[in-house]
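Structure file entry38.txt (compact mmCIF, C-alpha atoms) follows.
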# COMPACT_ATOMS: atom_id res chain seq x y z
CA MET A 1 20.05 -34.51 19.07
CA VAL A 2 17.37 -34.56 21.75
CA LEU A 3 19.54 -32.47 24.01
CA ASN A 4 20.20 -30.09 21.17
CA THR A 5 16.55 -29.51 20.38
CA GLN A 6 15.81 -28.98 24.04
CA MET A 7 18.56 -26.42 24.31
CA ASN A 8 17.27 -24.54 21.30
CA LYS A 9 13.64 -24.64 22.25
CA THR A 10 13.07 -20.98 21.46
CA MET A 11 11.77 -20.48 17.95
CA LEU A 12 11.08 -16.79 17.86
CA GLU A 13 12.19 -13.87 19.92
CA THR A 14 11.40 -10.23 19.32
CA GLN A 15 12.87 -7.28 21.15
CA GLN A 16 11.26 -3.89 21.51
CA LEU A 17 9.21 -4.19 18.40
CA THR A 18 7.67 -0.84 17.54
CA CYS A 19 5.59 0.00 14.53
CA GLU A 20 4.13 3.36 13.65
CA ARG A 21 1.62 3.79 10.88
CA ASN A 22 -0.18 6.96 9.85
CA HIS A 23 1.33 8.83 12.83
CA ARG A 24 -0.12 6.31 15.29
CA PHE A 25 1.72 3.63 17.21
CA LEU A 26 0.26 0.21 16.42
CA PHE A 27 2.41 -1.33 19.13
CA GLN A 28 5.38 -0.22 21.17
CA ASP A 29 8.24 -2.19 22.74
CA LEU A 30 6.61 -5.50 22.02
CA SER A 31 8.63 -8.47 23.24
CA ILE A 32 7.53 -11.93 22.22
CA SER A 33 9.16 -15.23 22.99
CA LEU A 34 7.75 -18.33 21.39
CA ASN A 35 8.94 -21.92 21.70
CA LYS A 36 8.68 -24.87 19.37
CA GLY A 37 5.32 -26.56 19.72
CA GLU A 38 3.57 -23.37 20.81
CA VAL A 39 0.82 -21.24 19.34
CA LEU A 40 0.68 -17.49 19.54
CA GLN A 41 -2.78 -16.11 19.06
CA VAL A 42 -2.86 -12.40 18.33
CA ASP A 43 -6.08 -10.65 19.30
CA GLY A 44 -7.26 -7.12 18.88
CA ALA A 45 -9.93 -4.95 17.33
CA ASN A 46 -10.01 -4.21 13.60
CA GLY A 47 -7.14 -1.94 12.72
CA ALA A 48 -5.20 -2.76 15.89
CA GLY A 49 -2.24 -3.96 13.82
CA LYS A 50 -2.67 -7.74 13.87
CA SER A 51 -2.02 -8.20 10.17
CA THR A 52 0.89 -5.77 10.23
CA LEU A 53 2.48 -7.64 13.14
CA LEU A 54 2.09 -10.93 11.28
CA LYS A 55 3.62 -9.43 8.15
CA ILE A 56 6.55 -8.11 10.16
CA LEU A 57 7.11 -11.53 11.72
CA ALA A 58 6.83 -13.18 8.30
CA GLY A 59 9.45 -10.85 6.86
CA LEU A 60 7.15 -9.05 4.42
CA TYR A 61 6.89 -5.68 6.11
CA GLU A 62 10.13 -3.89 6.90
CA ASP A 63 9.04 -0.50 8.18
CA PHE A 64 9.46 -1.12 11.91
CA GLU A 65 11.94 -0.70 14.74
CA GLY A 66 13.28 -3.42 16.98
CA GLU A 67 14.50 -6.91 16.30
CA VAL A 68 12.91 -10.14 15.12
CA MET A 69 15.00 -13.25 15.61
CA TRP A 70 14.01 -16.64 14.25
CA GLN A 71 15.77 -19.91 15.00
CA VAL A 72 15.26 -21.03 11.41
CA GLU A 73 16.57 -19.32 8.32
CA ASP A 74 13.75 -20.07 5.91
CA TYR A 75 10.72 -17.90 5.53
CA PRO A 76 7.62 -19.19 7.32
CA LEU A 77 4.56 -20.52 5.54
CA TYR A 78 2.42 -17.39 5.37
CA ILE A 79 -1.29 -17.36 4.65
CA GLY A 80 -2.58 -13.81 4.48
CA HIS A 81 -5.76 -12.03 3.56
CA LYS A 82 -4.90 -12.22 -0.11
CA VAL A 83 -5.47 -15.76 -1.27
CA GLY A 84 -2.47 -15.96 -3.60
CA VAL A 85 -3.93 -18.48 -6.05
CA LYS A 86 -4.21 -17.55 -9.71
CA ASP A 87 -7.66 -17.50 -11.29
CA ALA A 88 -6.36 -18.72 -14.64
CA MET A 89 -4.81 -21.87 -13.19
CA SER A 90 -6.41 -25.01 -11.81
CA ALA A 91 -6.18 -26.00 -8.15
CA ARG A 92 -3.54 -28.60 -9.01
CA GLU A 93 -1.43 -26.18 -11.08
CA ASN A 94 -1.61 -23.56 -8.35
CA LEU A 95 -0.43 -25.95 -5.64
CA MET A 96 2.33 -27.33 -7.87
CA TRP A 97 3.64 -23.79 -8.35
CA LEU A 98 3.34 -22.92 -4.65
CA ALA A 99 5.24 -26.11 -3.78
CA ASP A 100 7.92 -25.19 -6.34
CA LEU A 101 8.33 -21.85 -4.58
CA GLN A 102 9.03 -23.66 -1.30
CA ALA A 103 11.49 -25.95 -3.09
CA THR A 104 9.37 -28.94 -2.07
CA GLU A 105 9.20 -31.93 -4.39
CA VAL A 106 5.58 -33.04 -4.57
CA SER A 107 3.90 -35.59 -6.78
CA GLN A 108 0.47 -35.21 -8.29
CA GLY A 109 -0.75 -37.78 -5.76
CA ASP A 110 0.45 -35.62 -2.86
CA ILE A 111 -1.41 -32.63 -4.26
CA ASP A 112 -4.61 -34.58 -4.85
CA SER A 113 -4.59 -35.99 -1.32
CA ALA A 114 -3.93 -32.52 0.14
CA LEU A 115 -6.91 -31.21 -1.84
CA ALA A 116 -9.02 -34.13 -0.63
CA LYS A 117 -8.14 -33.20 2.99
CA VAL A 118 -9.69 -29.76 2.50
CA SER A 119 -12.74 -31.39 0.86
CA LEU A 120 -11.83 -30.35 -2.66
CA ALA A 121 -11.61 -33.86 -4.12
CA GLY A 122 -12.97 -33.69 -7.65
CA TYR A 123 -11.95 -30.04 -8.05
CA GLU A 124 -8.31 -30.75 -8.99
CA ASP A 125 -8.68 -29.55 -12.57
CA VAL A 126 -11.18 -26.76 -11.99
CA LEU A 127 -9.82 -23.27 -12.64
CA CYS A 128 -9.63 -21.30 -9.39
CA GLY A 129 -11.41 -18.40 -11.10
CA GLU A 130 -14.51 -20.58 -11.31
CA MET A 131 -14.48 -21.44 -7.60
CA SER A 132 -16.22 -19.72 -4.71
CA GLU A 133 -14.27 -17.52 -2.30
CA GLY A 134 -14.25 -20.27 0.34
CA GLN A 135 -13.00 -22.86 -2.12
CA ARG A 136 -10.15 -20.62 -3.27
CA LYS A 137 -9.21 -20.13 0.35
CA ARG A 138 -9.24 -23.91 0.80
CA VAL A 139 -6.85 -24.35 -2.12
CA ASN A 140 -4.46 -22.03 -0.30
CA LEU A 141 -5.00 -23.87 3.00
CA ALA A 142 -4.23 -27.18 1.29
CA ARG A 143 -0.60 -26.04 1.49
CA LEU A 144 -0.71 -26.84 5.21
CA PHE A 145 -1.06 -30.51 4.25
CA LEU A 146 1.54 -30.34 1.50
CA LEU A 147 4.56 -28.35 2.67
CA HIS A 148 6.98 -28.86 5.53
CA ASN A 149 7.80 -25.37 6.83
CA PRO A 150 8.37 -25.49 10.60
CA VAL A 151 6.69 -22.12 11.16
CA TRP A 152 3.20 -21.19 10.06
CA ILE A 153 1.86 -17.65 10.11
CA LEU A 154 -1.87 -17.68 9.52
CA ASP A 155 -3.83 -14.46 9.20
CA GLU A 156 -7.53 -15.22 9.69
CA PRO A 157 -7.26 -18.80 8.42
CA PHE A 158 -10.90 -19.52 9.26
CA SER A 159 -12.59 -16.64 7.46
CA ALA A 160 -14.90 -17.83 4.67
CA ILE A 161 -14.42 -21.45 5.85
CA ASP A 162 -17.35 -23.60 7.03
CA LYS A 163 -17.52 -25.37 10.44
CA GLU A 164 -16.28 -28.68 9.13
CA GLY A 165 -13.33 -26.97 7.48
CA VAL A 166 -12.47 -25.12 10.67
CA ALA A 167 -12.37 -28.41 12.59
CA CYS A 168 -10.15 -29.94 9.93
CA ILE A 169 -7.67 -27.03 9.94
CA THR A 170 -7.66 -26.95 13.75
CA ASP A 171 -6.75 -30.66 13.83
CA ARG A 172 -3.98 -30.06 11.33
CA ILE A 173 -2.58 -27.20 13.44
CA LYS A 174 -2.61 -29.47 16.54
CA GLU A 175 -0.77 -32.16 14.59
CA HIS A 176 1.81 -29.59 13.48
CA LEU A 177 2.29 -28.46 17.10
CA SER A 178 2.88 -32.02 18.29
CA ASP A 179 5.61 -32.26 15.60
CA ALA A 180 7.38 -29.35 17.33
CA GLY A 181 6.04 -26.86 14.81
CA THR A 182 5.26 -23.27 15.67
CA VAL A 183 2.10 -21.40 14.72
CA ILE A 184 1.21 -17.72 14.90
CA LEU A 185 -2.37 -16.89 14.06
CA THR A 186 -5.10 -14.32 14.28
CA SER A 187 -8.72 -15.35 14.45
CA HIS A 188 -11.98 -13.87 15.55
CA GLN A 189 -13.21 -17.36 16.37
CA THR A 190 -12.35 -18.99 19.65
CA VAL A 191 -10.27 -22.07 19.10
CA GLU A 192 -8.70 -24.28 21.74
CA PHE A 193 -5.08 -25.29 21.42
CA PRO A 194 -2.60 -26.73 23.87
CA ASN A 195 0.40 -24.48 24.69
CA ILE A 196 -1.36 -21.33 23.59
CA GLN A 197 -0.03 -17.83 24.23
CA SER A 198 -2.31 -14.89 23.77
CA LEU A 199 -1.30 -11.41 22.80
CA THR A 200 -3.83 -8.62 22.69
CA LEU A 201 -3.04 -5.50 20.72
CA SER A 202 -4.90 -2.36 21.68
CA MET B 203 17.04 -23.20 -12.33
CA ASN B 204 13.96 -25.36 -12.03
CA ILE B 205 12.02 -22.43 -10.63
CA LEU B 206 13.03 -20.26 -13.59
CA LEU B 207 11.43 -22.68 -16.04
CA ALA B 208 8.43 -23.23 -13.77
CA THR B 209 7.86 -19.45 -13.62
CA ILE B 210 8.12 -19.04 -17.39
CA ARG B 211 5.66 -21.89 -17.84
CA ARG B 212 3.26 -20.48 -15.26
CA ASP B 213 3.23 -17.00 -16.78
CA LEU B 214 2.88 -18.23 -20.36
CA LEU B 215 -0.02 -20.42 -19.25
CA GLN B 216 -1.76 -17.39 -17.77
CA HIS B 217 -1.12 -15.29 -20.86
CA VAL B 218 -2.61 -18.00 -23.05
CA ARG B 219 -5.68 -18.43 -20.84
CA ARG B 220 -6.19 -14.71 -20.14
CA PRO B 221 -4.89 -13.13 -23.34
CA ALA B 222 -6.39 -9.64 -22.88
CA ASP B 223 -3.36 -8.14 -21.12
CA ILE B 224 -1.11 -9.25 -23.94
CA VAL B 225 -3.36 -8.75 -26.94
CA ASN B 226 -4.27 -5.13 -26.12
CA PRO B 227 -0.71 -3.75 -26.51
CA LEU B 228 -0.20 -5.78 -29.68
CA VAL B 229 -3.40 -4.44 -31.21
CA PHE B 230 -2.31 -0.94 -30.21
CA PHE B 231 1.02 -1.54 -31.97
CA LEU B 232 -0.80 -2.74 -35.07
CA ILE B 233 -3.19 0.21 -35.15
CA VAL B 234 -0.50 2.88 -34.66
CA ILE B 235 1.64 1.50 -37.45
CA SER B 236 -1.15 0.92 -39.93
CA LEU B 237 -2.65 4.39 -39.38
CA PHE B 238 0.56 6.22 -40.24
CA PRO B 239 0.55 5.44 -43.99
CA LEU B 240 -3.10 6.50 -44.16
CA GLY B 241 -2.34 9.80 -42.51
CA ILE B 242 0.74 10.60 -44.55
CA GLY B 243 -0.42 9.63 -48.01
CA PRO B 244 1.06 7.30 -50.61
CA SER B 245 4.60 8.45 -51.23
CA ALA B 246 7.28 5.76 -51.07
CA GLY B 247 10.06 8.27 -50.36
CA THR B 248 8.56 9.61 -47.12
CA PHE B 249 7.62 6.12 -45.95
CA ASN B 250 11.16 4.98 -46.34
CA GLU B 251 12.46 7.85 -44.23
CA ILE B 252 10.03 7.52 -41.36
CA ALA B 253 9.68 3.70 -41.26
CA ALA B 254 12.32 3.06 -38.59
CA GLY B 255 11.10 5.87 -36.36
CA VAL B 256 7.43 4.90 -36.58
CA ILE B 257 8.05 1.23 -35.88
CA TRP B 258 10.38 1.97 -32.96
CA VAL B 259 8.05 4.50 -31.34
CA ALA B 260 5.11 2.11 -31.70
CA VAL B 261 7.13 -0.73 -30.13
CA LEU B 262 8.21 1.54 -27.31
CA LEU B 263 4.68 2.67 -26.46
CA ALA B 264 3.27 -0.86 -26.73
CA THR B 265 6.01 -2.10 -24.38
CA LEU B 266 5.12 0.60 -21.86
CA LEU B 267 1.47 -0.44 -22.08
CA SER B 268 2.21 -4.11 -21.52
CA ILE B 269 4.77 -3.58 -18.76
CA ASP B 270 2.24 -1.67 -16.67
CA VAL B 271 0.33 -4.84 -15.83
CA MET B 272 3.34 -7.12 -15.47
CA PHE B 273 3.22 -7.49 -11.66
CA LYS B 274 -0.24 -6.02 -11.11
CA SER B 275 -2.33 -9.17 -10.87
CA ASP B 276 0.28 -10.98 -8.79
CA TYR B 277 0.33 -8.00 -6.44
CA GLU B 278 -3.44 -7.81 -6.14
CA ASP B 279 -4.14 -11.50 -5.50
CA GLY B 280 -1.22 -12.04 -3.13
CA ALA B 281 0.90 -14.26 -5.39
CA LEU B 282 3.73 -11.73 -5.12
CA GLU B 283 3.82 -12.15 -1.32
CA GLN B 284 4.29 -15.87 -1.83
CA MET B 285 7.11 -15.25 -4.30
CA VAL B 286 8.92 -13.04 -1.80
CA LEU B 287 8.42 -15.55 1.06
CA SER B 288 9.78 -18.38 -1.03
CA LYS B 289 12.76 -20.65 -0.47
CA GLN B 290 13.81 -19.87 -4.03
CA PRO B 291 15.82 -16.76 -4.87
CA LEU B 292 13.36 -14.01 -5.79
CA ILE B 293 15.64 -12.93 -8.61
CA LEU B 294 15.09 -16.22 -10.48
CA VAL B 295 11.32 -15.82 -10.19
CA VAL B 296 11.60 -12.23 -11.43
CA LEU B 297 13.85 -13.31 -14.30
CA GLY B 298 11.33 -16.00 -15.27
CA LYS B 299 8.52 -13.45 -15.31
CA LEU B 300 10.65 -11.09 -17.42
CA ILE B 301 11.45 -13.78 -19.98
CA ALA B 302 7.78 -14.77 -20.26
CA GLN B 303 6.83 -11.10 -20.60
CA TRP B 304 9.37 -10.54 -23.38
CA LEU B 305 8.27 -13.67 -25.26
CA VAL B 306 4.68 -12.44 -25.48
CA SER B 307 5.43 -8.76 -26.14
CA GLY B 308 8.92 -7.96 -27.45
CA LEU B 309 9.48 -11.15 -29.41
CA LEU B 310 6.03 -11.07 -31.01
CA MET B 311 6.52 -7.46 -32.10
CA THR B 312 9.97 -8.28 -33.46
CA LEU B 313 8.47 -11.10 -35.50
CA MET B 314 5.72 -8.82 -36.81
CA SER B 315 8.10 -5.98 -37.70
CA PRO B 316 9.38 -7.28 -41.10
CA LEU B 317 5.81 -7.29 -42.34
CA PHE B 318 5.33 -3.65 -41.38
CA ALA B 319 8.73 -2.75 -42.79
CA LEU B 320 7.55 -4.16 -46.14
CA MET B 321 4.46 -2.03 -45.87
CA PHE B 322 6.73 1.04 -45.59
CA PHE B 323 8.75 0.03 -48.68
CA VAL B 324 11.93 -0.61 -46.66
CA SER B 325 14.71 -2.35 -48.57
CA SER B 326 15.66 -5.91 -47.62
CA ASP B 327 18.83 -4.69 -45.83
CA GLY B 328 16.68 -2.33 -43.81
CA ILE B 329 14.19 -5.06 -42.91
CA LEU B 330 16.96 -7.24 -41.54
CA ALA B 331 18.33 -4.30 -39.55
CA ILE B 332 14.92 -3.47 -38.07
CA ALA B 333 14.40 -7.05 -36.94
CA MET B 334 17.91 -7.29 -35.49
CA ALA B 335 17.61 -3.95 -33.73
CA LEU B 336 14.26 -4.92 -32.18
CA LEU B 337 15.60 -8.33 -31.15
CA LEU B 338 18.32 -6.57 -29.15
CA GLY B 339 16.31 -3.52 -28.08
CA THR B 340 12.99 -5.00 -26.88
CA PRO B 341 14.47 -7.13 -24.06
CA THR B 342 16.31 -4.03 -22.81
CA MET B 343 13.03 -2.10 -22.76
CA VAL B 344 11.18 -4.89 -20.92
CA LEU B 345 13.98 -5.13 -18.34
CA LEU B 346 14.07 -1.37 -17.72
CA GLY B 347 10.29 -1.13 -17.67
CA SER B 348 10.01 -3.82 -15.01
CA ILE B 349 11.84 -1.58 -12.53
CA GLY B 350 9.21 1.12 -13.00
CA ALA B 351 6.39 -1.42 -12.85
CA ALA B 352 7.68 -2.88 -9.60
CA LEU B 353 8.21 0.55 -8.01
CA THR B 354 4.70 1.80 -8.79
CA LEU B 355 2.88 -1.37 -7.66
CA GLY B 356 1.29 0.19 -4.60
CA LEU B 357 -0.15 3.13 -6.54
CA LYS B 358 -3.64 3.15 -7.97
CA ASN B 359 -2.72 4.85 -11.24
CA GLY B 360 0.93 4.04 -11.73
CA GLY B 361 0.82 3.95 -15.53
CA VAL B 362 1.78 7.57 -16.15
CA LEU B 363 4.44 7.47 -13.47
CA ILE B 364 6.03 4.42 -15.09
CA ALA B 365 6.27 6.35 -18.35
CA ILE B 366 7.94 9.31 -16.63
CA LEU B 367 10.35 7.05 -14.76
CA VAL B 368 11.27 4.79 -17.62
CA LEU B 369 11.06 6.86 -20.83
CA PRO B 370 14.36 8.70 -20.27
CA LEU B 371 16.06 5.32 -19.96
CA TYR B 372 14.50 4.19 -23.25
CA ILE B 373 15.94 7.10 -25.24
CA PRO B 374 19.42 5.64 -25.89
CA VAL B 375 17.80 2.43 -27.15
CA LEU B 376 15.47 4.41 -29.39
CA ILE B 377 18.27 6.55 -30.85
CA LEU B 378 20.60 3.61 -31.46
CA GLY B 379 17.80 1.48 -32.88
CA THR B 380 16.61 4.02 -35.43
CA ALA B 381 20.18 5.03 -36.32
CA MET B 382 20.98 1.38 -36.99
CA VAL B 383 18.11 1.09 -39.44
CA ASP B 384 19.02 4.38 -41.15
CA ALA B 385 22.59 3.16 -41.57
CA ALA B 386 21.37 -0.09 -43.07
CA VAL B 387 19.01 1.65 -45.48
CA GLY B 388 21.77 4.08 -46.46
CA GLY B 389 24.01 1.13 -47.27
CA SER B 390 26.66 1.70 -44.60
CA SER B 391 27.82 -0.71 -41.93
CA TYR B 392 25.69 -0.99 -38.80
CA THR B 393 27.83 -3.33 -36.71
CA GLY B 394 28.72 -0.52 -34.33
CA HIS B 395 25.10 0.25 -33.51
CA MET B 396 24.39 -3.42 -33.05
CA LEU B 397 27.28 -3.83 -30.63
CA TRP B 398 26.08 -0.84 -28.63
CA LEU B 399 22.54 -2.23 -28.43
CA GLY B 400 24.01 -5.58 -27.36
CA ALA B 401 26.14 -3.89 -24.71
CA LEU B 402 23.10 -2.03 -23.34
CA LEU B 403 21.20 -5.31 -23.22
CA LEU B 404 23.98 -7.05 -21.28
CA VAL B 405 24.23 -4.22 -18.76
CA THR B 406 20.46 -4.22 -18.16
CA ILE B 407 20.34 -8.03 -17.88
CA GLY B 408 22.93 -7.74 -15.15
CA LEU B 409 21.40 -4.85 -13.22
CA ALA B 410 17.67 -4.52 -13.90
CA PRO B 411 16.50 -7.79 -12.24
CA ILE B 412 18.35 -6.82 -9.05
CA ALA B 413 16.66 -3.41 -9.03
CA THR B 414 13.28 -4.99 -9.83
CA GLN B 415 13.41 -7.51 -7.00
CA ALA B 416 14.43 -4.79 -4.55
CA SER B 417 11.56 -2.63 -5.81
CA ILE B 418 9.10 -5.48 -5.28
CA ARG B 419 10.19 -5.81 -1.66
CA ILE B 420 9.80 -2.07 -1.16
CA SER B 421 6.35 -2.05 -2.75
CA LEU B 422 5.14 -4.95 -0.58
CA SER B 423 6.45 -3.26 2.55
CA GLN B 424 3.87 -0.48 2.37

Written form, structure tokens:
Amino acid sequence: MVLNTQMNKTMLETQQLTCERNHRFLFQDLSISLNKGEVLQVDGANGAGKSTLLKILAGLYEDFEGEVMWQVEDYPLYIGHKVGVKDAMSARENLMWLADLQATEVSQGDIDSALAKVSLAGYEDVLCGEMSEGQRKRVNLARLFLLHNPVWILDEPFSAIDKEGVACITDRIKEHLSDAGTVILTSHQTVEFPNIQSLTLS
Amino acid sequence: MNILLATIRRDLLQHVRRPADIVNPLVFFLIVISLFPLGIGPSAGTFNEIAAGVIWVAVLLATLLSIDVMFKSDYEDGALEQMVLSKQPLILVVLGKLIAQWLVSGLLMTLMSPLFALMFFVSSDGILAIAMALLLGTPTMVLLGSIGAALTLGLKNGGVLIAILVLPLYIPVLILGTAMVDAAVGGSSYTGHMLWLGALLLVTIGLAPIATQASIRISLSQ
């Protein structure tokens, strides 16, 4: 098994990825190779195509040329700009549904402890529509503590999150990396990770 | 299958807690039907003749109104992205949403229809036929409408476009549905119409969810 995982260390490989939007090339002939346990941080100015690249890698956006090859078949855990929690449901109901979508069996205890990790203990039954923007974002980020996808794609995970929250999420990402997980993220904040690859889009 | 039930439960929960999207089309349905007798005047003969048509057209327009918002909120808050990037087959999630949507629009209107039929002096045979026809016709309309709703997700004002896309597909259902009621009122057999409506329903159950899930992927990829 050990030999096997070492042989298949590559998690993601892209070949000649090209994306054109509004008659402008966002990126051309982009080749990425990412191993298990590594982070890819995508940098670039606003409108440089960071979010589009992340959507392409996640499998959401299909209007591109080139090839994206993942070692795993399942979709990654994707956290985008849109929070994806329903206003009319409580934090607990939202996470239960999001876990159902990932075919992950979770108990109410698992959900409550994941919410506690993002400092939302006591908010389990509060409707997400009554929460602040940052709290809604935290409900979504609680999935990082709940689900077991090997690949995470995080688009601006730290926006609207306070310092303490950023530290907590950073620790969780490091833990995921040491479990041979793979993370692709964009962030305007500087964060330190081991095994980090940087990619700057211009 | 678990995800199918979970989706139905989730959508019903939202409809119950945020009823506006569902109540508006139903109120529209109610208003259209109750205004007709006032506009036409009290003559039982005319009522009888137009009952089936009025009820069917009102149901059709109310369905179009309700289908417009079917995927809208999930698209805007990002829930749809999560459905697409799920380990579960998207088609089961879509099917769950469709069933929930029909329960709160088509089924409710079907249940209300006998009351309106009475208001139009329809005979008891006719009332049964109206209810049966709507029971078979409304799921077909919801299924067909969902394709249009999914295709126009990325557009700001997709409502009119949905109507243009979907209305031609509704016409066979409308013709068969009203013909079935006319046959029943006239005292002849309406099994043939019923079988045709059933056949249309089966075909759309088989094909529409596939088209809808493909349309959702296209709309998200923009």

With only C-alpha atoms as the basis for distance, which of B:Gln415, B:Ser315, B:Gln303, B:Asn359 is at the shortest distance from B:Ile332?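 Among the listed residues, B:Ser315 lies closest to B:Ile332.
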
Find the residues around A:Lys50 up to 10 Å (all atoms listed in the file counted), leave out those fewer than 6 positions away in its own chain, and share them as a list of chain:residue names.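 What passes the distance filter is A:Leu26, A:Phe27, A:Gln41, A:Val42, A:Asp43, A:Gly44, A:Ile56, A:Asp155, A:Glu156, A:Leu185, A:Thr186, A:Ser187, A:Leu199, A:Thr200, A:Leu201, A:Ser202.
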
Each chain B residue no farther than 12 Å from chain A, nearest pair in Å, only C-alpha atoms, as a Markdown table:
| residue | atom | partner | partner_atom | distance |
| --- | --- | --- | --- | --- |
| B:Met203 | CA | A:Asp100 | CA | 11.1 |
| B:Asn204 | CA | A:Asp100 | CA | 8.3 |
| B:Ile205 | CA | A:Asp100 | CA | 6.5 |
| B:Leu206 | CA | A:Asp100 | CA | 10.1 |
| B:Leu207 | CA | A:Asp100 | CA | 10.6 |
| B:Ala208 | CA | A:Trp97 | CA | 7.3 |
| B:Thr209 | CA | A:Trp97 | CA | 8.0 |
| B:Ile210 | CA | A:Trp97 | CA | 11.2 |
| B:Arg211 | CA | A:Trp97 | CA | 9.9 |
| B:Arg212 | CA | A:Trp97 | CA | 7.7 |
| B:Asp213 | CA | A:Ala88 | CA | 10.0 |
| B:Leu214 | CA | A:Ala88 | CA | 10.9 |
| B:Leu215 | CA | A:Met89 | CA | 7.9 |
| B:Gln216 | CA | A:Ala88 | CA | 5.7 |
| B:His217 | CA | A:Ala88 | CA | 8.8 |
| B:Val218 | CA | A:Ala88 | CA | 9.2 |
| B:Arg219 | CA | A:Ala88 | CA | 6.2 |
| B:Arg220 | CA | A:Ala88 | CA | 6.8 |
| B:Pro221 | CA | A:Ala88 | CA | 10.4 |
| B:Ser275 | CA | A:Lys86 | CA | 8.7 |
| B:Asp276 | CA | A:Gly84 | CA | 7.7 |
| B:Tyr277 | CA | A:Gly84 | CA | 8.9 |
| B:Glu278 | CA | A:Lys82 | CA | 7.6 |
| B:Asp279 | CA | A:Gly84 | CA | 5.1 |
| B:Gly280 | CA | A:Gly84 | CA | 4.1 |
| B:Ala281 | CA | A:Gly84 | CA | 4.2 |
| B:Leu282 | CA | A:Gly84 | CA | 7.7 |
| B:Glu283 | CA | A:Leu60 | CA | 7.3 |
| B:Gln284 | CA | A:Gly84 | CA | 7.0 |
| B:Met285 | CA | A:Leu101 | CA | 6.7 |
| B:Val286 | CA | A:Leu60 | CA | 7.6 |
| B:Leu287 | CA | A:Tyr75 | CA | 5.5 |
| B:Ser288 | CA | A:Leu101 | CA | 5.2 |
| B:Lys289 | CA | A:Gln102 | CA | 4.9 |
| B:Gln290 | CA | A:Leu101 | CA | 5.9 |
| B:Pro291 | CA | A:Leu101 | CA | 9.1 |
| B:Leu292 | CA | A:Leu101 | CA | 9.4 |
| B:Leu294 | CA | A:Leu101 | CA | 10.6 |
| B:Val295 | CA | A:Leu101 | CA | 8.8 |
| B:Ile418 | CA | A:Leu60 | CA | 10.5 |
| B:Arg419 | CA | A:Leu60 | CA | 7.5 |
| B:Ile420 | CA | A:Glu62 | CA | 8.3 |
| B:Ser421 | CA | A:Tyr61 | CA | 9.6 |
| B:Leu422 | CA | A:Leu60 | CA | 6.8 |
| B:Ser423 | CA | A:Tyr61 | CA | 4.3 |
| B:Gln424 | CA | A:Tyr61 | CA | 7.1 |

What does the distance between atom CA of B:Ser390 and atom CA of B:Met321 come to in Å, to one decimal place? 22.5 Å

So what do you get for atom CA of B:Ala351 versus atom CA of B:Lys299, distance-wise?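 Interatomic distance, atom CA of B:Ala351 to atom CA of B:Lys299: 12.5 Å.
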
Which residues are close to stretch 35-39 of chain A, i.e. within 7 Å by only C-alpha atoms, leaving aside same-chain residues fewer than 3 positions away? Reply as JSON, numbers by chain. {"A": [9, 10, 11, 12, 177, 178, 180, 181, 182, 183, 184, 195, 196, 197]}

Do a neighbour search on B:Val362 at 12 Å with all atoms listed in the file, toss out local chain neighbours closer than 4 positions, and write the hits as an MDAnalysis selection string. chainID B and resid 263 266:267 269:270 350:351 354 357:358 366:369

Set the distance at 10 Å and use all atoms listed in the file: which residues neighbour B:Thr265 once local chain neighbours fewer than 6 positions away are removed? I'd like the list as number ranges by chain. B: 227-228, 231, 259, 303-304, 307-308, 311, 340-341, 343-344, 347

Name the residues within 9 Å of (-12.2, -18.5, -13.9), counting all atoms listed in the file in the file's coordinates, and put them as an MDAnalysis selection string. chainID A and resid 87:90 126:131
